[in-house]
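K.L.:
Structure file target-v2.cif (mmCIF, N, CA and C atoms) is given on the next line.
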data_upload
loop_
_atom_site.label_atom_id
_atom_site.label_comp_id
_atom_site.auth_asym_id
_atom_site.auth_seq_id
_atom_site.Cartn_x
_atom_site.Cartn_y
_atom_site.Cartn_z
N MET A 1 113.01 130.09 97.91
CA MET A 1 113.08 131.19 98.86
C MET A 1 111.68 131.41 99.42
N SER A 2 111.58 131.66 100.71
CA SER A 2 110.27 131.92 101.33
C SER A 2 109.80 133.33 100.98
N TRP A 3 108.51 133.55 101.13
CA TRP A 3 107.95 134.88 100.85
C TRP A 3 108.57 135.91 101.79
N GLN A 4 108.78 135.51 103.05
CA GLN A 4 109.38 136.44 104.01
C GLN A 4 110.80 136.81 103.58
N ALA A 5 111.52 135.87 103.01
CA ALA A 5 112.88 136.15 102.54
C ALA A 5 112.86 137.16 101.39
N TYR A 6 111.84 137.08 100.52
CA TYR A 6 111.73 138.09 99.45
C TYR A 6 111.55 139.48 100.05
N VAL A 7 110.69 139.60 101.06
CA VAL A 7 110.48 140.90 101.71
C VAL A 7 111.79 141.37 102.35
N ASP A 8 112.42 140.49 103.13
CA ASP A 8 113.61 140.88 103.88
C ASP A 8 114.83 141.11 102.99
N SER A 9 115.10 140.18 102.06
CA SER A 9 116.33 140.23 101.26
C SER A 9 116.19 141.03 99.97
N SER A 10 115.12 140.79 99.23
CA SER A 10 114.98 141.40 97.90
C SER A 10 114.40 142.81 97.95
N LEU A 11 113.80 143.19 99.05
CA LEU A 11 113.21 144.53 99.14
C LEU A 11 113.90 145.37 100.22
N VAL A 12 113.69 145.03 101.48
CA VAL A 12 114.20 145.87 102.57
C VAL A 12 115.73 145.91 102.61
N ALA A 13 116.38 144.78 102.41
CA ALA A 13 117.85 144.74 102.49
C ALA A 13 118.54 145.57 101.41
N THR A 14 117.82 145.94 100.36
CA THR A 14 118.43 146.76 99.30
C THR A 14 118.72 148.18 99.78
N GLY A 15 118.00 148.61 100.83
CA GLY A 15 118.15 149.98 101.29
C GLY A 15 117.27 150.97 100.54
N HIS A 16 116.54 150.49 99.53
CA HIS A 16 115.67 151.37 98.75
C HIS A 16 114.22 151.34 99.24
N ILE A 17 113.88 150.33 100.03
CA ILE A 17 112.55 150.14 100.59
C ILE A 17 112.72 150.00 102.10
N ASP A 18 111.91 150.67 102.90
CA ASP A 18 112.08 150.51 104.35
C ASP A 18 111.13 149.50 104.97
N LYS A 19 110.01 149.23 104.30
CA LYS A 19 109.10 148.18 104.76
C LYS A 19 108.27 147.71 103.58
N ALA A 20 107.82 146.46 103.67
CA ALA A 20 107.14 145.88 102.52
C ALA A 20 106.22 144.75 102.95
N ALA A 21 105.34 144.37 102.03
CA ALA A 21 104.46 143.22 102.23
C ALA A 21 104.23 142.55 100.89
N ILE A 22 103.95 141.26 100.95
CA ILE A 22 103.51 140.53 99.77
C ILE A 22 102.18 139.90 100.13
N ILE A 23 101.16 140.20 99.32
CA ILE A 23 99.82 139.69 99.56
C ILE A 23 99.36 138.86 98.37
N SER A 24 98.30 138.11 98.57
CA SER A 24 97.77 137.30 97.46
C SER A 24 97.09 138.20 96.44
N VAL A 25 97.07 137.77 95.19
CA VAL A 25 96.45 138.55 94.12
C VAL A 25 94.94 138.61 94.30
N ALA A 26 94.39 137.71 95.10
CA ALA A 26 92.96 137.77 95.42
C ALA A 26 92.67 138.83 96.49
N GLY A 27 93.72 139.29 97.15
CA GLY A 27 93.56 140.31 98.19
C GLY A 27 92.98 139.77 99.47
N ASP A 28 93.15 138.46 99.70
CA ASP A 28 92.53 137.87 100.89
C ASP A 28 93.51 137.37 101.93
N SER A 29 94.82 137.48 101.66
CA SER A 29 95.78 137.02 102.67
C SER A 29 97.13 137.71 102.49
N VAL A 30 97.83 137.85 103.61
CA VAL A 30 99.18 138.40 103.62
C VAL A 30 100.14 137.23 103.64
N TRP A 31 101.07 137.18 102.69
CA TRP A 31 102.04 136.08 102.62
C TRP A 31 103.30 136.40 103.41
N ALA A 32 103.68 137.66 103.47
CA ALA A 32 104.87 138.08 104.21
C ALA A 32 104.80 139.59 104.42
N THR A 33 105.40 140.05 105.50
CA THR A 33 105.38 141.49 105.77
C THR A 33 106.52 141.89 106.68
N SER A 34 106.90 143.16 106.59
CA SER A 34 107.86 143.72 107.52
C SER A 34 107.17 143.93 108.86
N SER A 35 107.93 143.86 109.91
CA SER A 35 107.39 144.09 111.25
C SER A 35 106.75 145.48 111.33
N GLY A 36 105.52 145.53 111.83
CA GLY A 36 104.83 146.81 111.99
C GLY A 36 104.20 147.36 110.73
N PHE A 37 104.25 146.63 109.63
CA PHE A 37 103.65 147.09 108.37
C PHE A 37 102.48 146.17 108.07
N THR A 38 101.31 146.54 108.58
CA THR A 38 100.14 145.68 108.49
C THR A 38 99.15 146.23 107.47
N VAL A 39 99.03 145.55 106.36
CA VAL A 39 98.06 145.93 105.33
C VAL A 39 96.73 145.27 105.72
N GLN A 40 95.73 146.09 105.96
CA GLN A 40 94.43 145.62 106.43
C GLN A 40 93.65 144.93 105.30
N PRO A 41 92.71 144.03 105.65
CA PRO A 41 91.93 143.33 104.62
C PRO A 41 91.23 144.25 103.62
N ALA A 42 90.61 145.32 104.10
CA ALA A 42 89.92 146.24 103.19
C ALA A 42 90.92 146.94 102.27
N GLU A 43 92.12 147.25 102.79
CA GLU A 43 93.15 147.88 101.97
C GLU A 43 93.63 146.93 100.88
N MET A 44 93.79 145.64 101.24
CA MET A 44 94.21 144.65 100.25
C MET A 44 93.18 144.54 99.13
N LYS A 45 91.91 144.43 99.50
CA LYS A 45 90.84 144.31 98.50
C LYS A 45 90.82 145.53 97.58
N ASN A 46 91.01 146.72 98.15
CA ASN A 46 91.01 147.94 97.35
C ASN A 46 92.19 147.97 96.38
N LEU A 47 93.38 147.59 96.84
CA LEU A 47 94.54 147.56 95.95
C LEU A 47 94.32 146.60 94.79
N VAL A 48 93.77 145.43 95.08
CA VAL A 48 93.50 144.45 94.03
C VAL A 48 92.45 144.98 93.06
N ALA A 49 91.42 145.65 93.58
CA ALA A 49 90.39 146.23 92.71
C ALA A 49 90.99 147.26 91.76
N ILE A 50 91.91 148.07 92.25
CA ILE A 50 92.57 149.06 91.40
C ILE A 50 93.41 148.37 90.34
N LEU A 51 94.19 147.37 90.76
CA LEU A 51 95.10 146.69 89.82
C LEU A 51 94.37 145.85 88.78
N THR A 52 93.15 145.44 89.08
CA THR A 52 92.36 144.66 88.11
C THR A 52 91.31 145.53 87.43
N ALA A 53 91.35 146.83 87.71
CA ALA A 53 90.43 147.81 87.12
C ALA A 53 88.97 147.42 87.34
N SER A 54 88.66 146.97 88.56
CA SER A 54 87.29 146.58 88.90
C SER A 54 86.44 147.80 89.21
N GLY A 55 85.28 147.86 88.56
CA GLY A 55 84.33 148.94 88.83
C GLY A 55 84.94 150.32 88.68
N ASP A 56 84.67 151.17 89.68
CA ASP A 56 85.17 152.54 89.64
C ASP A 56 86.39 152.71 90.55
N ALA A 57 87.10 151.62 90.84
CA ALA A 57 88.22 151.65 91.78
C ALA A 57 89.32 152.64 91.36
N ILE A 58 89.62 152.69 90.07
CA ILE A 58 90.68 153.59 89.61
C ILE A 58 90.27 155.05 89.80
N ASP A 59 89.03 155.39 89.42
CA ASP A 59 88.55 156.76 89.60
C ASP A 59 88.54 157.15 91.07
N LYS A 60 88.09 156.23 91.93
CA LYS A 60 88.08 156.49 93.38
C LYS A 60 89.49 156.68 93.91
N ALA A 61 90.43 155.89 93.41
CA ALA A 61 91.81 156.01 93.88
C ALA A 61 92.39 157.38 93.52
N HIS A 62 92.12 157.84 92.31
CA HIS A 62 92.60 159.17 91.91
C HIS A 62 91.94 160.26 92.74
N ALA A 63 90.67 160.10 93.05
CA ALA A 63 89.93 161.11 93.80
C ALA A 63 90.23 161.08 95.30
N ASP A 64 90.29 159.88 95.88
CA ASP A 64 90.37 159.74 97.33
C ASP A 64 91.73 159.25 97.83
N GLY A 65 92.60 158.80 96.94
CA GLY A 65 93.86 158.21 97.36
C GLY A 65 93.67 156.75 97.73
N VAL A 66 94.72 156.13 98.23
CA VAL A 66 94.66 154.74 98.69
C VAL A 66 95.19 154.68 100.12
N HIS A 67 94.71 153.70 100.85
CA HIS A 67 95.18 153.49 102.21
C HIS A 67 95.99 152.20 102.27
N VAL A 68 97.15 152.29 102.89
CA VAL A 68 98.01 151.13 103.10
C VAL A 68 98.57 151.22 104.52
N ALA A 69 98.38 150.16 105.28
CA ALA A 69 98.85 150.10 106.66
C ALA A 69 98.32 151.28 107.48
N GLY A 70 97.07 151.65 107.21
CA GLY A 70 96.43 152.72 107.96
C GLY A 70 96.78 154.13 107.54
N GLU A 71 97.63 154.28 106.55
CA GLU A 71 98.04 155.61 106.07
C GLU A 71 97.45 155.89 104.70
N ARG A 72 97.07 157.16 104.47
CA ARG A 72 96.52 157.55 103.18
C ARG A 72 97.62 158.09 102.28
N TYR A 73 97.61 157.65 101.02
CA TYR A 73 98.57 158.09 100.01
C TYR A 73 97.83 158.68 98.83
N VAL A 74 98.34 159.78 98.31
CA VAL A 74 97.79 160.39 97.09
C VAL A 74 98.33 159.58 95.91
N VAL A 75 97.45 159.14 95.05
CA VAL A 75 97.87 158.35 93.90
C VAL A 75 98.50 159.27 92.87
N THR A 76 99.73 158.94 92.49
CA THR A 76 100.43 159.75 91.49
C THR A 76 100.37 159.13 90.11
N ARG A 77 100.24 157.78 90.08
CA ARG A 77 100.20 157.11 88.78
C ARG A 77 99.63 155.71 88.95
N ILE A 78 98.84 155.30 87.98
CA ILE A 78 98.33 153.92 87.91
C ILE A 78 98.63 153.41 86.51
N GLU A 79 99.31 152.27 86.44
CA GLU A 79 99.61 151.63 85.17
C GLU A 79 98.97 150.25 85.16
N ASP A 80 99.24 149.47 84.12
CA ASP A 80 98.61 148.16 83.97
C ASP A 80 98.75 147.28 85.21
N ARG A 81 99.96 147.22 85.76
CA ARG A 81 100.18 146.33 86.89
C ARG A 81 100.66 147.05 88.14
N SER A 82 100.72 148.39 88.10
CA SER A 82 101.34 149.15 89.19
C SER A 82 100.51 150.33 89.65
N VAL A 83 100.66 150.63 90.95
CA VAL A 83 100.06 151.82 91.57
C VAL A 83 101.17 152.52 92.34
N TYR A 84 101.26 153.83 92.18
CA TYR A 84 102.27 154.61 92.88
C TYR A 84 101.55 155.68 93.69
N GLY A 85 101.96 155.84 94.94
CA GLY A 85 101.33 156.83 95.80
C GLY A 85 102.35 157.55 96.65
N ARG A 86 101.99 158.79 97.05
CA ARG A 86 102.88 159.60 97.89
C ARG A 86 102.14 160.13 99.08
N GLN A 87 102.90 160.32 100.14
CA GLN A 87 102.41 161.00 101.33
C GLN A 87 103.56 161.89 101.79
N GLY A 88 103.51 163.14 101.37
CA GLY A 88 104.64 164.02 101.64
C GLY A 88 105.86 163.52 100.89
N ARG A 89 106.95 163.21 101.63
CA ARG A 89 108.19 162.74 101.01
C ARG A 89 108.33 161.22 101.08
N THR A 90 107.32 160.54 101.59
CA THR A 90 107.33 159.08 101.61
C THR A 90 106.33 158.58 100.58
N GLY A 91 106.32 157.27 100.35
CA GLY A 91 105.36 156.77 99.38
C GLY A 91 105.34 155.26 99.30
N ILE A 92 104.51 154.78 98.39
CA ILE A 92 104.35 153.35 98.17
C ILE A 92 104.47 153.02 96.68
N VAL A 93 104.94 151.81 96.44
CA VAL A 93 104.98 151.24 95.10
C VAL A 93 104.28 149.89 95.22
N VAL A 94 103.21 149.69 94.46
CA VAL A 94 102.43 148.45 94.52
C VAL A 94 102.45 147.83 93.13
N VAL A 95 102.88 146.56 93.04
CA VAL A 95 103.00 145.91 91.74
C VAL A 95 102.36 144.52 91.81
N LYS A 96 101.55 144.22 90.80
CA LYS A 96 100.86 142.93 90.72
C LYS A 96 101.63 141.97 89.83
N THR A 97 101.76 140.73 90.30
CA THR A 97 102.32 139.66 89.47
C THR A 97 101.16 138.70 89.16
N LYS A 98 101.47 137.51 88.67
CA LYS A 98 100.40 136.55 88.36
C LYS A 98 99.65 136.11 89.60
N GLN A 99 100.36 135.90 90.71
CA GLN A 99 99.74 135.35 91.91
C GLN A 99 99.88 136.22 93.15
N ALA A 100 100.64 137.29 93.06
CA ALA A 100 100.93 138.10 94.25
C ALA A 100 100.84 139.59 93.95
N VAL A 101 100.74 140.36 95.03
CA VAL A 101 100.82 141.82 94.95
C VAL A 101 101.93 142.23 95.92
N ILE A 102 102.92 142.94 95.40
CA ILE A 102 104.04 143.40 96.22
C ILE A 102 103.77 144.86 96.59
N VAL A 103 103.87 145.15 97.88
CA VAL A 103 103.67 146.50 98.38
C VAL A 103 104.97 146.95 99.02
N GLY A 104 105.60 147.97 98.44
CA GLY A 104 106.84 148.50 98.99
C GLY A 104 106.64 149.92 99.46
N HIS A 105 107.22 150.26 100.62
CA HIS A 105 107.13 151.61 101.18
C HIS A 105 108.53 152.20 101.22
N TYR A 106 108.67 153.45 100.81
CA TYR A 106 109.96 154.12 100.91
C TYR A 106 109.84 155.32 101.83
N ALA A 107 110.92 155.56 102.58
CA ALA A 107 110.97 156.67 103.53
C ALA A 107 111.46 157.94 102.84
N GLU A 108 111.45 159.03 103.57
CA GLU A 108 111.82 160.30 102.93
C GLU A 108 113.30 160.39 102.56
N ASN A 109 114.15 159.55 103.14
CA ASN A 109 115.57 159.57 102.79
C ASN A 109 115.91 158.57 101.69
N GLN A 110 114.90 157.96 101.09
CA GLN A 110 115.12 156.99 100.01
C GLN A 110 114.64 157.58 98.69
N VAL A 111 115.31 157.20 97.61
CA VAL A 111 115.03 157.76 96.28
C VAL A 111 113.86 157.01 95.64
N VAL A 112 112.87 157.75 95.19
CA VAL A 112 111.66 157.18 94.61
C VAL A 112 111.98 156.24 93.45
N GLY A 113 112.82 156.67 92.53
CA GLY A 113 113.16 155.86 91.37
C GLY A 113 113.81 154.53 91.75
N ASN A 114 114.67 154.56 92.76
CA ASN A 114 115.31 153.32 93.21
C ASN A 114 114.28 152.39 93.86
N ALA A 115 113.37 152.96 94.62
CA ALA A 115 112.32 152.16 95.26
C ALA A 115 111.45 151.50 94.20
N THR A 116 111.07 152.27 93.19
CA THR A 116 110.24 151.76 92.10
C THR A 116 110.96 150.64 91.37
N GLN A 117 112.22 150.86 91.02
CA GLN A 117 112.98 149.85 90.29
C GLN A 117 113.13 148.57 91.11
N THR A 118 113.31 148.68 92.40
CA THR A 118 113.48 147.51 93.27
C THR A 118 112.23 146.65 93.29
N VAL A 119 111.07 147.29 93.48
CA VAL A 119 109.81 146.55 93.54
C VAL A 119 109.46 145.97 92.17
N GLU A 120 109.63 146.76 91.11
CA GLU A 120 109.33 146.29 89.76
C GLU A 120 110.24 145.12 89.37
N ALA A 121 111.52 145.16 89.77
CA ALA A 121 112.46 144.08 89.43
C ALA A 121 112.05 142.78 90.12
N LEU A 122 111.62 142.86 91.38
CA LEU A 122 111.16 141.65 92.07
C LEU A 122 109.91 141.11 91.38
N ALA A 123 109.01 142.00 90.98
CA ALA A 123 107.80 141.57 90.28
C ALA A 123 108.15 140.87 88.97
N ASP A 124 109.08 141.44 88.22
CA ASP A 124 109.52 140.81 86.96
C ASP A 124 110.06 139.41 87.22
N TYR A 125 110.88 139.28 88.25
CA TYR A 125 111.45 137.97 88.59
C TYR A 125 110.36 136.97 88.96
N LEU A 126 109.43 137.38 89.81
CA LEU A 126 108.35 136.47 90.23
C LEU A 126 107.50 136.04 89.05
N ILE A 127 107.21 136.95 88.14
CA ILE A 127 106.44 136.61 86.93
C ILE A 127 107.22 135.59 86.10
N LYS A 128 108.55 135.81 85.97
CA LYS A 128 109.38 134.91 85.18
C LYS A 128 109.38 133.48 85.74
N VAL A 129 109.31 133.35 87.08
CA VAL A 129 109.32 132.01 87.68
C VAL A 129 107.91 131.47 87.95
N GLY A 130 106.90 132.15 87.40
CA GLY A 130 105.54 131.63 87.47
C GLY A 130 104.65 132.16 88.56
N TYR A 131 105.14 133.12 89.31
CA TYR A 131 104.31 133.72 90.36
C TYR A 131 103.85 135.10 89.96
#
Starting from the file, give its structure as structure tokens.
P.N.:
Amino acid sequence: MSWQAYVDSSLVATGHIDKAAIISVAGDSVWATSSGFTVQPAEMKNLVAILTASGDAIDKAHADGVHVAGERYVVTRIEDRSVYGRQGRTGIVVVKTKQAVIVGHYAENQVVGNATQTVEALADYLIKVGY
């Protein structure tokens, strides 16, 4: 399956995510994305820094939030491989696999728990198949 198919079929088509992107774990390239959902290079680097606990990235994320596709999100939780953020009633779920970072966005009419489970399940699958 292509990376774009993962975004389209495994994330957006579920109805739990309205837009998504898959980027490299190095934070230097976008592998697939929903139309109009552009994760900028600096945003990718920052997400990777948070997920790899580089420097003071986690403290900065809690203090300043994170930016994805030009929007600022308040960080609600950071775990070993995941970052969760909110902006009003919308939000993001970011999960790191061995080789990729999945960024899922949910709209205000979508359930946070379902969005989280959808992104985490794709991450589990990719890890299982070596990505």
K.L.:
If we draw a sphere of 9 Å around (110.6, 153.2, 101.5), which residues have at least one atom in it when counting only C-alpha atoms? Please report them as an mmCIF file with N, CA and C atoms, keeping the file's coordinate frame.
P.N.:
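result14.cif, freshly written:
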data_model
loop_
_atom_site.group_PDB
_atom_site.id
_atom_site.type_symbol
_atom_site.label_atom_id
_atom_site.label_comp_id
_atom_site.auth_asym_id
_atom_site.auth_seq_id
_atom_site.Cartn_x
_atom_site.Cartn_y
_atom_site.Cartn_z
ATOM 1 N N VAL A 12 113.690 145.030 101.480
ATOM 2 C CA VAL A 12 114.200 145.870 102.570
ATOM 3 C C VAL A 12 115.730 145.910 102.610
ATOM 4 N N GLY A 15 118.000 148.610 100.830
ATOM 5 C CA GLY A 15 118.150 149.980 101.290
ATOM 6 C C GLY A 15 117.270 150.970 100.540
ATOM 7 N N HIS A 16 116.540 150.490 99.530
ATOM 8 C CA HIS A 16 115.670 151.370 98.750
ATOM 9 C C HIS A 16 114.220 151.340 99.240
ATOM 10 N N ILE A 17 113.880 150.330 100.030
ATOM 11 C CA ILE A 17 112.550 150.140 100.590
ATOM 12 C C ILE A 17 112.720 150.000 102.100
ATOM 13 N N ASP A 18 111.910 150.670 102.900
ATOM 14 C CA ASP A 18 112.080 150.510 104.350
ATOM 15 C C ASP A 18 111.130 149.500 104.970
ATOM 16 N N LYS A 19 110.010 149.230 104.300
ATOM 17 C CA LYS A 19 109.100 148.180 104.760
ATOM 18 C C LYS A 19 108.270 147.710 103.580
ATOM 19 N N ALA A 20 107.820 146.460 103.670
ATOM 20 C CA ALA A 20 107.140 145.880 102.520
ATOM 21 C C ALA A 20 106.220 144.750 102.950
ATOM 22 N N THR A 90 107.320 160.540 101.590
ATOM 23 C CA THR A 90 107.330 159.080 101.610
ATOM 24 C C THR A 90 106.330 158.580 100.580
ATOM 25 N N GLY A 91 106.320 157.270 100.350
ATOM 26 C CA GLY A 91 105.360 156.770 99.380
ATOM 27 C C GLY A 91 105.340 155.260 99.300
ATOM 28 N N ILE A 92 104.510 154.780 98.390
ATOM 29 C CA ILE A 92 104.350 153.350 98.170
ATOM 30 C C ILE A 92 104.470 153.020 96.680
ATOM 31 N N VAL A 93 104.940 151.810 96.440
ATOM 32 C CA VAL A 93 104.980 151.240 95.100
ATOM 33 C C VAL A 93 104.280 149.890 95.220
ATOM 34 N N GLY A 104 105.600 147.970 98.440
ATOM 35 C CA GLY A 104 106.840 148.500 98.990
ATOM 36 C C GLY A 104 106.640 149.920 99.460
ATOM 37 N N HIS A 105 107.220 150.260 100.620
ATOM 38 C CA HIS A 105 107.130 151.610 101.180
ATOM 39 C C HIS A 105 108.530 152.200 101.220
ATOM 40 N N TYR A 106 108.670 153.450 100.810
ATOM 41 C CA TYR A 106 109.960 154.120 100.910
ATOM 42 C C TYR A 106 109.840 155.320 101.830
ATOM 43 N N ALA A 107 110.920 155.560 102.580
ATOM 44 C CA ALA A 107 110.970 156.670 103.530
ATOM 45 C C ALA A 107 111.460 157.940 102.840
ATOM 46 N N GLU A 108 111.450 159.030 103.570
ATOM 47 C CA GLU A 108 111.820 160.300 102.930
ATOM 48 C C GLU A 108 113.300 160.390 102.560
ATOM 49 N N ASN A 109 114.150 159.550 103.140
ATOM 50 C CA ASN A 109 115.570 159.570 102.790
ATOM 51 C C ASN A 109 115.910 158.570 101.690
ATOM 52 N N GLN A 110 114.900 157.960 101.090
ATOM 53 C CA GLN A 110 115.120 156.990 100.010
ATOM 54 C C GLN A 110 114.640 157.580 98.690
ATOM 55 N N VAL A 111 115.310 157.200 97.610
ATOM 56 C CA VAL A 111 115.030 157.760 96.280
ATOM 57 C C VAL A 111 113.860 157.010 95.640
ATOM 58 N N VAL A 112 112.870 157.750 95.190
ATOM 59 C CA VAL A 112 111.660 157.180 94.610
ATOM 60 C C VAL A 112 111.980 156.240 93.450
ATOM 61 N N ALA A 115 113.370 152.960 94.620
ATOM 62 C CA ALA A 115 112.320 152.160 95.260
ATOM 63 C C ALA A 115 111.450 151.500 94.200
#
K.L.:
If I take atom C of Val30 in chain A and atom N of Lys45 in chain A, how far is one from the other in Å, to one decimal?
P.N.:
11.7 Å
K.L.:
So that I can see what lies close to Thr97 in chain A, please list as a list in words the residues with an atom at most 7 Å from it, counting all atoms listed in the file and leaving out residues fewer than 5 positions away in the same chain.
P.N.:
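Once the nearby chain positions are removed, what remains is Val25, Arg81, Ile102, Ala123, Leu126, Ile127 and Tyr131 of chain A.
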K.L.:
For the selection you just gave me, I'd like the residues written to a file as a PDB file, keeping the file's coordinate frame, keeping N, CA and C atoms.
P.N.:
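Done, and the output landed in out_3.pdb:
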ATOM      1  N   VAL A  25      97.070 137.770  95.190  1.00  0.00           N
ATOM      2  CA  VAL A  25      96.450 138.550  94.120  1.00  0.00           C
ATOM      3  C   VAL A  25      94.940 138.610  94.300  1.00  0.00           C
ATOM      4  N   ARG A  81      99.960 147.220  85.760  1.00  0.00           N
ATOM      5  CA  ARG A  81     100.180 146.330  86.890  1.00  0.00           C
ATOM      6  C   ARG A  81     100.660 147.050  88.140  1.00  0.00           C
ATOM      7  N   ILE A 102     102.920 142.940  95.400  1.00  0.00           N
ATOM      8  CA  ILE A 102     104.040 143.400  96.220  1.00  0.00           C
ATOM      9  C   ILE A 102     103.770 144.860  96.590  1.00  0.00           C
ATOM     10  N   ALA A 123     109.010 142.000  90.980  1.00  0.00           N
ATOM     11  CA  ALA A 123     107.800 141.570  90.280  1.00  0.00           C
ATOM     12  C   ALA A 123     108.150 140.870  88.970  1.00  0.00           C
ATOM     13  N   LEU A 126     109.430 137.380  89.810  1.00  0.00           N
ATOM     14  CA  LEU A 126     108.350 136.470  90.230  1.00  0.00           C
ATOM     15  C   LEU A 126     107.500 136.040  89.050  1.00  0.00           C
ATOM     16  N   ILE A 127     107.210 136.950  88.140  1.00  0.00           N
ATOM     17  CA  ILE A 127     106.440 136.610  86.930  1.00  0.00           C
ATOM     18  C   ILE A 127     107.220 135.590  86.100  1.00  0.00           C
ATOM     19  N   TYR A 131     105.140 133.120  89.310  1.00  0.00           N
ATOM     20  CA  TYR A 131     104.310 133.720  90.360  1.00  0.00           C
ATOM     21  C   TYR A 131     103.850 135.100  89.960  1.00  0.00           C
TER      22      TYR A 131
END
K.L.:
Please put the answer as AutoDock Vina command-line options: centre and edge lengths, in Å with one decimal, of a box along x, y and z that encloses all listed atoms of range 75-88 of chain A plus 3 Å on each side.
P.N.:
--center_x 101.7 --center_y 155.2 --center_z 92.9 --size_x 14.4 --size_y 23.7 --size_z 23.8
K.L.:
Taking into account only N, CA and C atoms, which residue in the set A:Val94, A:Ala32, A:Ile23, A:Ala57 is nearest to Ser2 in chain A?
P.N.:
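Of the candidates, the smallest distance to Ser2 in chain A is held by A:Ala32.
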K.L.:
From the options A:Lys96, A:Gly55, A:Asp64, A:Gly70, which residue's atoms come nearest to Glu43 in chain A, counting only C-alpha atoms?
P.N.:
A:Gly70
K.L.:
Could you state the separation of atom C of Asp8 in chain A and atom C of Ala100 in chain A in Å, given to one decimal place?
P.N.:
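Separation between atom C of Asp8 in chain A and atom C of Ala100 in chain A: 16.7 Å.
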K.L.:
Within 10 Å of (93.5, 140.5, 101.5), in the coordinates the file gives, what residues turn up when you count only C-alpha atoms, written out as a PyMOL selection string?
P.N.:
chain A and resi 23-31+39-48+101
K.L.:
Which residue, A:Lys98, A:Lys60, A:Ala21, A:Arg72, has the smallest gap to Ser35 in chain A when you use only C-alpha atoms?
P.N.:
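Smallest separation from Ser35 in chain A among the options: A:Ala21.
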K.L.:
Step one, run DSSP on the backbone; step two, keep only residues of chain A assigned to helix (DSSP H, G or I); then write them as a PyMOL selection string.
P.N.:
chain A and resi 3-14+41-51+57-64+112-128
K.L.:
Specify as a list in words each residue included when the PyMOL selection byres (((chain A and resi 78 and name CA) around 12) and name CA) is applied to this file.
P.N.:
Leu47, Ile50, Leu51, Thr52, Ala53, Ala57, Ile58, Asp59, Lys60, Ala61, His62, Gly65, Val66, Val74, Val75, Thr76, Arg77, Glu79, Asp80, Arg81, Ser82, Val83, Tyr84, Gly85, Ile92, Val93, Val94, Val95 and Lys96 of chain A
K.L.:
When you draw a straight line from atom N of Asn114 in chain A to atom N of Ser10 in chain A, how long is it in Å?
P.N.:
15.2 Å
K.L.:
Give me every strand (DSSP E or B) residue in chain A, going by DSSP on the backbone, as number ranges by chain.
P.N.:
A: 19-24, 30-33, 66-68, 71-78, 82-87, 90-96, 100-106
